[in-house]
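Raw structure39.pdb, PDB, C-alpha atoms:
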```
ATOM      1  CA  MET I   1      68.647 120.479 109.308
ATOM      2  CA  ASN I   2      70.746 121.554 112.248
ATOM      3  CA  ASN I   3      74.514 121.439 112.116
ATOM      4  CA  ALA I   4      74.901 118.146 113.951
ATOM      5  CA  ARG I   5      72.631 116.388 111.462
ATOM      6  CA  LYS I   6      74.376 117.962 108.501
ATOM      7  CA  ARG I   7      77.648 116.697 109.879
ATOM      8  CA  LEU I   8      76.227 113.222 110.319
ATOM      9  CA  VAL I   9      75.018 113.169 106.732
ATOM     10  CA  PHE I  10      78.398 114.398 105.551
ATOM     11  CA  ASP I  11      80.187 111.710 107.570
ATOM     12  CA  VAL I  12      77.999 108.980 106.194
ATOM     13  CA  VAL I  13      78.501 110.158 102.623
ATOM     14  CA  VAL I  14      82.269 110.437 102.880
ATOM     15  CA  TRP I  15      82.643 107.109 104.685
ATOM     16  CA  SER I  16      80.557 105.292 102.118
ATOM     17  CA  ALA I  17      82.509 106.952  99.326
ATOM     18  CA  SER I  18      85.764 105.803 100.856
ATOM     19  CA  LEU I  19      84.403 102.304 101.387
ATOM     20  CA  MET I  20      83.289 102.155  97.788
ATOM     21  CA  PHE I  21      86.669 103.464  96.677
ATOM     22  CA  VAL I  22      88.494 100.721  98.583
ATOM     23  CA  PHE I  23      86.051  98.118  97.401
ATOM     24  CA  GLY I  24      86.556  99.228  93.826
ATOM     25  CA  LEU I  25      90.319  98.883  94.132
ATOM     26  CA  VAL I  26      90.196  95.516  95.829
ATOM     27  CA  THR I  27      87.796  93.866  93.446
ATOM     28  CA  SER I  28      89.879  94.365  90.360
ATOM     29  CA  GLU I  29      87.214  92.718  88.289
ATOM     30  CA  ALA I  30      85.162  95.543  86.892
ATOM     31  CA  MET I  31      83.207  96.490  83.845
ATOM     32  CA  ALA I  32      85.720  98.305  81.709
ATOM     33  CA  ASP I  33      84.144  99.501  78.506
ATOM     34  CA  SER I  34      80.849 101.303  78.728
ATOM     35  CA  LYS I  35      79.872 100.295  75.196
ATOM     36  CA  ARG I  36      80.823  96.637  75.331
ATOM     37  CA  SER I  37      81.047  96.122  79.060
ATOM     38  CA  PHE I  38      83.076  92.920  79.070
ATOM     39  CA  ALA I  39      84.712  91.553  82.165
ATOM     40  CA  THR I  40      88.284  92.412  83.084
ATOM     41  CA  ASN I  41      90.842  91.566  85.757
ATOM     42  CA  GLU I  42      94.110  93.416  86.399
ATOM     43  CA  LYS I  43      96.268  90.324  86.803
ATOM     44  CA  TRP I  44      94.905  88.771  83.624
ATOM     45  CA  LYS I  45      95.491  91.976  81.669
ATOM     46  CA  ALA I  46      99.081  92.336  82.864
ATOM     47  CA  GLU I  47     100.125  88.678  82.601
ATOM     48  CA  CYS I  48      98.235  87.580  79.497
ATOM     49  CA  GLY I  49      98.715  90.911  77.746
ATOM     50  CA  SER I  50     102.517  91.081  77.774
ATOM     51  CA  CYS I  51     103.338  89.007  74.656
ATOM     52  CA  HIS I  52     100.110  89.579  72.699
ATOM     53  CA  ILE I  53      96.816  91.325  73.422
ATOM     54  CA  ALA I  54      94.995  89.779  76.368
ATOM     55  CA  TYR I  55      92.445  87.698  74.455
ATOM     56  CA  GLN I  56      88.943  88.235  75.870
ATOM     57  CA  PRO I  57      87.681  85.274  77.921
ATOM     58  CA  ASN I  58      84.585  84.943  75.731
ATOM     59  CA  LEU I  59      86.734  83.987  72.718
ATOM     60  CA  LEU I  60      87.178  80.408  73.988
ATOM     61  CA  PRO I  61      85.078  78.034  76.093
ATOM     62  CA  ALA I  62      86.027  77.184  79.683
ATOM     63  CA  SER I  63      87.440  73.759  78.801
ATOM     64  CA  ALA I  64      89.975  75.362  76.420
ATOM     65  CA  TRP I  65      91.073  77.950  78.987
ATOM     66  CA  ARG I  66      91.518  75.206  81.568
ATOM     67  CA  ARG I  67      93.885  73.319  79.264
ATOM     68  CA  ILE I  68      95.775  76.475  78.271
ATOM     69  CA  MET I  69      96.303  77.430  81.919
ATOM     70  CA  ALA I  70      97.556  73.907  82.699
ATOM     71  CA  GLY I  71     100.318  74.120  80.070
ATOM     72  CA  LEU I  72     101.768  77.625  80.329
ATOM     73  CA  ASP I  73     105.359  76.362  80.461
ATOM     74  CA  LYS I  74     104.875  75.055  76.903
ATOM     75  CA  HIS I  75     102.601  77.754  75.510
ATOM     76  CA  PHE I  76     102.336  77.801  71.696
ATOM     77  CA  GLY I  77     106.100  77.448  71.337
ATOM     78  CA  THR I  78     107.128  79.678  74.205
ATOM     79  CA  ASP I  79     107.529  79.589  77.998
ATOM     80  CA  ALA I  80     104.770  81.641  79.660
ATOM     81  CA  SER I  81     104.978  80.004  83.094
ATOM     82  CA  LEU I  82     103.346  81.761  86.043
ATOM     83  CA  ASP I  83     103.376  81.434  89.821
ATOM     84  CA  ALA I  84     100.593  79.239  91.207
ATOM     85  CA  ALA I  85      98.593  82.050  92.837
ATOM     86  CA  SER I  86      98.433  84.203  89.696
ATOM     87  CA  SER I  87      97.635  81.174  87.592
ATOM     88  CA  ALA I  88      94.726  80.183  89.854
ATOM     89  CA  GLU I  89      93.278  83.709  89.879
ATOM     90  CA  ILE I  90      93.545  84.115  86.105
ATOM     91  CA  GLY I  91      92.207  80.630  85.404
ATOM     92  CA  ALA I  92      89.138  81.255  87.548
ATOM     93  CA  PHE I  93      88.528  84.606  85.854
ATOM     94  CA  LEU I  94      88.806  83.105  82.361
ATOM     95  CA  GLU I  95      86.494  80.197  83.137
ATOM     96  CA  ARG I  96      83.917  82.419  84.833
ATOM     97  CA  ASN I  97      83.698  84.663  81.754
ATOM     98  CA  ALA I  98      84.361  82.043  79.086
ATOM     99  CA  GLY I  99      82.518  81.856  75.779
ATOM    100  CA  SER I 100      79.293  79.915  75.544
ATOM    101  CA  GLY I 101      76.735  79.068  72.877
ATOM    102  CA  LYS I 102      77.959  78.829  69.281
ATOM    103  CA  ARG I 103      81.486  79.887  70.135
ATOM    104  CA  ALA I 104      81.857  77.038  72.611
ATOM    105  CA  ALA I 105      80.453  74.430  70.243
ATOM    106  CA  SER I 106      83.849  72.971  69.377
ATOM    107  CA  VAL I 107      87.311  73.238  70.825
ATOM    108  CA  PRO I 108      90.082  72.813  68.234
ATOM    109  CA  ALA I 109      92.867  70.421  69.240
ATOM    110  CA  SER I 110      95.357  73.278  68.879
ATOM    111  CA  LEU I 111      93.424  75.295  71.514
ATOM    112  CA  ARG I 112      93.809  78.292  69.211
ATOM    113  CA  ILE I 113      91.067  80.915  68.876
ATOM    114  CA  THR I 114      92.203  81.216  65.265
ATOM    115  CA  ASP I 115      91.381  77.529  64.629
ATOM    116  CA  THR I 116      87.831  77.677  66.013
ATOM    117  CA  ARG I 117      85.028  77.215  63.535
ATOM    118  CA  TRP I 118      83.509  80.646  64.232
ATOM    119  CA  PHE I 119      86.846  82.381  63.701
ATOM    120  CA  VAL I 120      87.434  80.680  60.355
ATOM    121  CA  ARG I 121      83.868  81.514  59.240
ATOM    122  CA  LYS I 122      84.077  85.186  60.264
ATOM    123  CA  HIS I 123      87.368  85.543  58.380
ATOM    124  CA  ASP I 124      86.605  83.574  55.222
ATOM    125  CA  GLU I 125      86.694  86.760  53.141
ATOM    126  CA  VAL I 126      90.111  87.882  54.342
ATOM    127  CA  PRO I 127      92.576  87.400  51.441
ATOM    128  CA  ARG I 128      95.248  84.743  52.039
ATOM    129  CA  ALA I 129      98.038  87.258  51.473
ATOM    130  CA  ALA I 130      96.752  89.423  54.329
ATOM    131  CA  TRP I 131      97.662  86.771  56.929
ATOM    132  CA  LYS I 132     101.237  86.592  55.591
ATOM    133  CA  ASN I 133     101.806  90.352  55.579
ATOM    134  CA  PRO I 134     104.846  91.054  57.824
ATOM    135  CA  GLN I 135     102.794  93.742  59.554
ATOM    136  CA  VAL I 136     100.326  91.050  60.603
ATOM    137  CA  LYS I 137     102.739  88.113  61.140
ATOM    138  CA  THR I 138     100.068  85.817  62.590
ATOM    139  CA  ALA I 139      96.286  85.534  62.640
ATOM    140  CA  ALA I 140      96.633  85.734  66.434
ATOM    141  CA  ASN I 141      97.716  89.387  66.025
ATOM    142  CA  CYS I 142      94.097  90.612  66.201
ATOM    143  CA  SER I 143      95.066  94.246  66.742
ATOM    144  CA  ALA I 144      96.895  94.383  63.386
ATOM    145  CA  CYS I 145      93.422  94.587  61.774
ATOM    146  CA  HIS I 146      91.013  95.309  64.650
ATOM    147  CA  SER I 147      92.088  98.598  66.192
ATOM    148  CA  GLY I 148      89.723  97.991  69.132
ATOM    149  CA  ALA I 149      90.914  94.419  69.822
ATOM    150  CA  GLU I 150      92.521  95.350  73.126
ATOM    151  CA  ARG I 151      89.095  96.510  74.333
ATOM    152  CA  GLY I 152      87.326  93.451  72.942
ATOM    153  CA  ASP I 153      85.831  95.546  70.132
ATOM    154  CA  PHE I 154      85.729  93.583  66.861
ATOM    155  CA  ASP I 155      83.053  95.698  65.189
ATOM    156  CA  GLU I 156      83.196  95.748  61.400
ATOM    157  CA  ASP I 157      83.553  99.522  61.217
ATOM    158  CA  ALA I 158      86.887  99.371  63.064
ATOM    159  CA  VAL I 159      88.479  96.715  60.796
ATOM    160  CA  ARG I 160      91.365  97.673  58.531
ATOM    161  CA  ILE I 161      93.563  95.101  56.813
ATOM    162  CA  PRO I 162      97.121  96.500  56.512
ATOM    163  CA  ARG I 163      98.621  96.589  53.002
TER     164      ARG I 163
ATOM    165  CA  MET P   1      87.902 119.327 113.436
ATOM    166  CA  GLN P   2      85.260 116.677 113.687
ATOM    167  CA  ARG P   3      84.403 116.771 110.015
ATOM    168  CA  PHE P   4      87.950 116.038 108.956
ATOM    169  CA  LYS P   5      87.772 112.592 110.495
ATOM    170  CA  PRO P   6      85.952 110.967 107.626
ATOM    171  CA  MET P   7      88.352 112.630 105.221
ATOM    172  CA  ALA P   8      91.206 111.152 107.216
ATOM    173  CA  GLY P   9      89.423 107.809 107.040
ATOM    174  CA  PHE P  10      89.266 108.109 103.285
ATOM    175  CA  LEU P  11      92.951 108.946 102.985
ATOM    176  CA  LEU P  12      93.937 106.241 105.438
ATOM    177  CA  SER P  13      92.041 103.547 103.589
ATOM    178  CA  ALA P  14      93.507 104.743 100.305
ATOM    179  CA  ALA P  15      96.996 104.685 101.823
ATOM    180  CA  LEU P  16      96.421 101.148 103.098
ATOM    181  CA  VAL P  17      95.256  99.825  99.772
ATOM    182  CA  LEU P  18      97.398 101.652  97.216
ATOM    183  CA  PRO P  19     100.812 100.242  98.158
ATOM    184  CA  GLY P  20      99.370  96.742  97.753
ATOM    185  CA  SER P  21      98.696  97.410  94.102
ATOM    186  CA  GLN P  22     102.286  98.431  93.518
ATOM    187  CA  ALA P  23     105.150  95.935  93.551
ATOM    188  CA  ALA P  24     108.069  96.377  95.910
ATOM    189  CA  ALA P  25     110.260  99.043  94.365
ATOM    190  CA  ALA P  26     113.921  98.269  93.756
ATOM    191  CA  THR P  27     116.578  99.908  91.597
ATOM    192  CA  PRO P  28     118.618  98.205  88.872
ATOM    193  CA  ALA P  29     121.622  98.556  91.214
ATOM    194  CA  ASP P  30     119.731  96.689  93.994
ATOM    195  CA  ILE P  31     118.927  93.903  91.580
ATOM    196  CA  GLN P  32     122.517  93.764  90.342
ATOM    197  CA  GLN P  33     123.560  93.407  93.993
ATOM    198  CA  THR P  34     121.434  90.271  94.419
ATOM    199  CA  PHE P  35     122.910  88.802  91.214
ATOM    200  CA  GLU P  36     126.383  89.533  92.570
ATOM    201  CA  SER P  37     125.698  87.785  95.890
ATOM    202  CA  ALA P  38     124.298  84.774  94.046
ATOM    203  CA  ALA P  39     127.223  84.688  91.598
ATOM    204  CA  ARG P  40     129.730  84.846  94.471
ATOM    205  CA  ALA P  41     127.954  82.050  96.284
ATOM    206  CA  ALA P  42     127.948  79.921  93.125
ATOM    207  CA  SER P  43     131.609  80.488  92.278
ATOM    208  CA  PRO P  44     134.291  81.586  94.742
ATOM    209  CA  GLY P  45     136.422  82.841  91.841
ATOM    210  CA  PHE P  46     133.748  85.362  90.779
ATOM    211  CA  GLY P  47     135.527  88.150  88.887
ATOM    212  CA  GLY P  48     132.759  90.746  88.463
ATOM    213  CA  PHE P  49     130.242  91.411  85.712
ATOM    214  CA  SER P  50     131.089  92.574  82.217
ATOM    215  CA  ALA P  51     128.956  94.673  79.871
ATOM    216  CA  GLY P  52     130.932  93.358  76.899
ATOM    217  CA  ARG P  53     130.282  89.744  77.860
ATOM    218  CA  GLY P  54     126.618  90.651  78.461
ATOM    219  CA  GLN P  55     126.303  92.158  74.991
ATOM    220  CA  ALA P  56     127.846  89.067  73.366
ATOM    221  CA  PHE P  57     125.493  86.807  75.344
ATOM    222  CA  PHE P  58     122.479  88.980  74.457
ATOM    223  CA  SER P  59     123.249  88.922  70.716
ATOM    224  CA  ALA P  60     124.129  85.237  70.311
ATOM    225  CA  THR P  61     121.867  82.278  69.696
ATOM    226  CA  HIS P  62     122.387  79.430  72.155
ATOM    227  CA  GLY P  63     121.313  76.346  70.238
ATOM    228  CA  ASN P  64     117.712  77.437  69.570
ATOM    229  CA  ASP P  65     116.286  79.760  66.909
ATOM    230  CA  TRP P  66     116.070  82.900  69.010
ATOM    231  CA  SER P  67     118.552  85.226  70.656
ATOM    232  CA  CYS P  68     117.605  87.920  73.165
ATOM    233  CA  THR P  69     117.871  90.391  70.275
ATOM    234  CA  SER P  70     115.092  88.551  68.360
ATOM    235  CA  CYS P  71     112.556  90.402  70.526
ATOM    236  CA  HIS P  72     114.585  93.096  72.317
ATOM    237  CA  THR P  73     116.680  94.128  69.226
ATOM    238  CA  ALA P  74     120.437  94.701  69.048
ATOM    239  CA  ALA P  75     119.772  98.259  70.270
ATOM    240  CA  PRO P  76     117.800  97.546  73.478
ATOM    241  CA  ALA P  77     117.506 101.236  74.365
ATOM    242  CA  LYS P  78     114.992 101.265  71.491
ATOM    243  CA  PRO P  79     111.580  99.555  71.499
ATOM    244  CA  GLY P  80     111.492  95.898  70.457
ATOM    245  CA  LYS P  81     108.898  93.660  68.862
ATOM    246  CA  HIS P  82     107.844  90.131  69.808
ATOM    247  CA  VAL P  83     109.288  87.963  67.038
ATOM    248  CA  LYS P  84     106.262  85.671  66.957
ATOM    249  CA  THR P  85     103.237  87.825  67.814
ATOM    250  CA  GLY P  86     104.421  91.209  66.500
ATOM    251  CA  LYS P  87     103.523  92.969  69.755
ATOM    252  CA  ASP P  88     105.600  96.047  70.631
ATOM    253  CA  ILE P  89     107.946  95.653  73.594
ATOM    254  CA  ALA P  90     109.105  98.704  75.554
ATOM    255  CA  PRO P  91     112.896  99.406  75.636
ATOM    256  CA  MET P  92     114.989  97.200  77.943
ATOM    257  CA  ALA P  93     117.710  99.684  78.954
ATOM    258  CA  PRO P  94     116.830 101.382  82.265
ATOM    259  CA  ALA P  95     118.077 104.710  80.841
ATOM    260  CA  ALA P  96     115.358 104.555  78.193
ATOM    261  CA  ASN P  97     112.680 102.901  80.332
ATOM    262  CA  PRO P  98     112.837 103.673  84.075
ATOM    263  CA  GLN P  99     110.391 100.863  84.871
ATOM    264  CA  ARG P 100     112.910  98.190  83.875
ATOM    265  CA  PHE P 101     114.695  96.262  86.632
ATOM    266  CA  THR P 102     112.680  97.836  89.446
ATOM    267  CA  ASP P 103     110.655  94.741  90.414
ATOM    268  CA  ALA P 104     112.771  91.736  91.394
ATOM    269  CA  ALA P 105     109.946  89.204  90.985
ATOM    270  CA  LYS P 106     109.154  90.462  87.499
ATOM    271  CA  VAL P 107     112.820  90.344  86.504
ATOM    272  CA  GLU P 108     113.146  86.736  87.730
ATOM    273  CA  LYS P 109     109.926  85.697  85.976
ATOM    274  CA  TRP P 110     111.135  86.993  82.611
ATOM    275  CA  PHE P 111     114.696  85.705  82.912
ATOM    276  CA  LYS P 112     113.245  82.276  83.649
ATOM    277  CA  ARG P 113     110.857  82.302  80.669
ATOM    278  CA  ASN P 114     113.154  83.931  78.137
ATOM    279  CA  CYS P 115     116.244  81.912  79.078
ATOM    280  CA  LYS P 116     114.182  78.712  78.713
ATOM    281  CA  ASP P 117     113.170  79.822  75.215
ATOM    282  CA  VAL P 118     116.597  81.001  74.101
ATOM    283  CA  LEU P 119     118.946  78.581  75.926
ATOM    284  CA  GLY P 120     116.671  75.713  76.895
ATOM    285  CA  ARG P 121     117.693  76.226  80.548
ATOM    286  CA  VAL P 122     117.636  78.904  83.237
ATOM    287  CA  CYS P 123     120.383  81.557  83.133
ATOM    288  CA  THR P 124     123.122  81.637  85.763
ATOM    289  CA  ALA P 125     123.560  84.611  88.109
ATOM    290  CA  GLN P 126     126.756  85.415  86.181
ATOM    291  CA  GLU P 127     124.842  85.577  82.884
ATOM    292  CA  LYS P 128     122.023  87.669  84.359
ATOM    293  CA  GLY P 129     124.508  90.096  85.923
ATOM    294  CA  ASP P 130     126.440  90.418  82.664
ATOM    295  CA  VAL P 131     123.220  91.172  80.752
ATOM    296  CA  LEU P 132     122.166  93.748  83.323
ATOM    297  CA  ALA P 133     125.638  95.348  83.241
ATOM    298  CA  TYR P 134     125.282  95.642  79.466
ATOM    299  CA  LEU P 135     121.769  97.131  79.640
ATOM    300  CA  MET P 136     122.826  99.565  82.382
ATOM    301  CA  SER P 137     125.752 100.700  80.237
ATOM    302  CA  LEU P 138     123.452 101.881  77.447
ATOM    303  CA  ALA P 139     122.553 105.545  77.124
ATOM    304  CA  LYS P 140     119.097 106.717  76.140
TER     305      LYS P 140
END
```
What would the structure in this file look like if it were written as structure tokens?
Amino acid sequence: MNNARKRLVFDVVVWSASLMFVFGLVTSEAMADSKRSFATNEKWKAECGSCHIAYQPNLLPASAWRRIMAGLDKHFGTDASLDAASSAEIGAFLERNAGSGKRAASVPASLRITDTRWFVRKHDEVPRAAWKNPQVKTAANCSACHSGAERGDFDEDAVRIPR
Amino acid sequence: MQRFKPMAGFLLSAALVLPGSQAAAATPADIQQTFESAARAASPGFGGFSAGRGQAFFSATHGNDWSCTSCHTAAPAKPGKHVKTGKDIAPMAPAANPQRFTDAAKVEKWFKRNCKDVLGRVCTAQEKGDVLAYLMSLAK
């Protein structure tokens, strides 16, 4: 290759890299965890992860997320109200990546993940006292027992019930 | 020189995009200034903010179960814990946590939510300024 061609190739490579860089920043939705590769969104993580872990979208079906997003000012006993733009972006993200199949089979009236049939079944061997432990406080505190909860990792080998 | 152009393109596009991902930076003093203007507008007899009054407000319940200290503790230069979910909350005093009170929209969002929970109404500019005066008075 002569110098002019080398330069052209270099230009093309650097420009595409910069385009990809910008694209990557703009589309905040990206695959986060190489092992699990679940969907993520920066706004969702920041807004829904400030009072508790940001519960993965696949933990509830779309219809439950829709109702949760419509009632953020009265959110499980607290005010979690959001501006309309953030709420629309997060709602769309949750519904797009919502749970399906068995997990979506029934939506509890409480809209709680912890009241879904699959949650109750998966936790039927957890001793009653474990839920009341002050280090756990609430079944909704997934990360008290699942150290990988923040990353959507609920694998058995990472479970530890605090005593 | 020619081959620096694409590099410049890369840096330019990064420079254009990065500030967008960061909220407008303010200081706690800037934010206190906006509370002061609002408090003056609301009451012509405005007599300044008080850290002591802010501390009393922060520690008291106001008709509901929670006070500000329920989640932010009575020593808000230390980390807190969400009273209901158990999640850790970073310290509230700017001396201990330089990110606090640097984003006006975030500050307003949380005052609105937390005042609704604790008082059943929004906080006045006087109350917000008193709380901020208290938090700014705390050492690390």
Selected by the PyMOL selection byres ((chain I and resi 58-75) around 10) in the shown coordinates: which residues, as a PyMOL selection string?
(chain I and resi 38-39+55-57+76-82+87-88+90-114+116+118-119+152) or (chain P and resi 113+116-117)
At a cut-off of 10 Å, using all atoms listed in the file, what residues contact I:Gly49? Leave out same-chain residues fewer than 6 positions from it and give the result as a PyMOL selection string.
(chain I and resi 43+55+150) or (chain P and resi 87)
Under the rule that only C-alpha atoms are counted, which of P:Val131, P:Ile89, P:Val107, P:Ala96 is the nearest residue to chain I?
P:Ile89
Could you check the closest approach to chain P for each of I:Arg121, I:Lys137, I:Arg151, I:Arg128 and tell me which residue wins, using all atoms listed in the file?
I:Lys137
Residues picked by the PyMOL selection byres ((chain P and resi 73) around 12) here, as a ChimeraX atom specification?
/P:55,58-60,66-72,74-83,88-93,135
Just C-alpha atoms for this one: save the residues we selected as an mmCIF file, in the coordinates of the input.
```
data_model
loop_
_atom_site.group_PDB
_atom_site.id
_atom_site.type_symbol
_atom_site.label_atom_id
_atom_site.label_comp_id
_atom_site.auth_asym_id
_atom_site.auth_seq_id
_atom_site.Cartn_x
_atom_site.Cartn_y
_atom_site.Cartn_z
ATOM 1 C CA GLN P 55 126.303 92.158 74.991
ATOM 2 C CA PHE P 58 122.479 88.980 74.457
ATOM 3 C CA SER P 59 123.249 88.922 70.716
ATOM 4 C CA ALA P 60 124.129 85.237 70.311
ATOM 5 C CA TRP P 66 116.070 82.900 69.010
ATOM 6 C CA SER P 67 118.552 85.226 70.656
ATOM 7 C CA CYS P 68 117.605 87.920 73.165
ATOM 8 C CA THR P 69 117.871 90.391 70.275
ATOM 9 C CA SER P 70 115.092 88.551 68.360
ATOM 10 C CA CYS P 71 112.556 90.402 70.526
ATOM 11 C CA HIS P 72 114.585 93.096 72.317
ATOM 12 C CA ALA P 74 120.437 94.701 69.048
ATOM 13 C CA ALA P 75 119.772 98.259 70.270
ATOM 14 C CA PRO P 76 117.800 97.546 73.478
ATOM 15 C CA ALA P 77 117.506 101.236 74.365
ATOM 16 C CA LYS P 78 114.992 101.265 71.491
ATOM 17 C CA PRO P 79 111.580 99.555 71.499
ATOM 18 C CA GLY P 80 111.492 95.898 70.457
ATOM 19 C CA LYS P 81 108.898 93.660 68.862
ATOM 20 C CA HIS P 82 107.844 90.131 69.808
ATOM 21 C CA VAL P 83 109.288 87.963 67.038
ATOM 22 C CA ASP P 88 105.600 96.047 70.631
ATOM 23 C CA ILE P 89 107.946 95.653 73.594
ATOM 24 C CA ALA P 90 109.105 98.704 75.554
ATOM 25 C CA PRO P 91 112.896 99.406 75.636
ATOM 26 C CA MET P 92 114.989 97.200 77.943
ATOM 27 C CA ALA P 93 117.710 99.684 78.954
ATOM 28 C CA LEU P 135 121.769 97.131 79.640
#
```
Run the PyMOL selection byres ((chain P and resi 126) around 9) against the file shown and list the residues it catches, as a PyMOL selection string.
chain P and resi 35-36+38-40+42+46+48-49+123-125+127-131
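Each of I:Ser147, I:Thr40, I:Ser50, I:Ser86 was checked against chain P using only C-alpha atoms; the smallest atom-to-atom distance is that of I:Ser50.
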How many Å lie between atom CA of P:His62 and atom CA of P:Ala29, rounded to one decimal?
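Taking atom CA of P:His62 and atom CA of P:Ala29, their separation equals 27.0 Å.
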Taken to one decimal, the atom CA of I:Thr138-atom CA of I:Cys48 distance is 17.1 Å
One number please: atom CA of P:Gly54 to atom CA of P:Leu138, in Å, one decimal.
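Going from atom CA of P:Gly54 over to atom CA of P:Leu138 covers 11.7 Å.
Proximity to chain P was assessed for I:Ala85, I:Ala140, I:Ala149, I:Val126 counting all atoms listed in the file; the smallest distance is recorded for I:Ala140.
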Which residue gives the smallest distance to chain P among I:Ala84, I:Ala139, I:Trp44, I:Asp115, with all atoms listed in the file counted?
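Among I:Ala84, I:Ala139, I:Trp44, I:Asp115, it is I:Ala139 that comes nearest to chain P.
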Check the smallest atom-to-atom distance from each of I:Val136, I:Ala54, I:Val120, I:Ala130 to chain P using all atoms listed in the file, then report the winner.
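Under the stated criterion, the closest residue is I:Val136.
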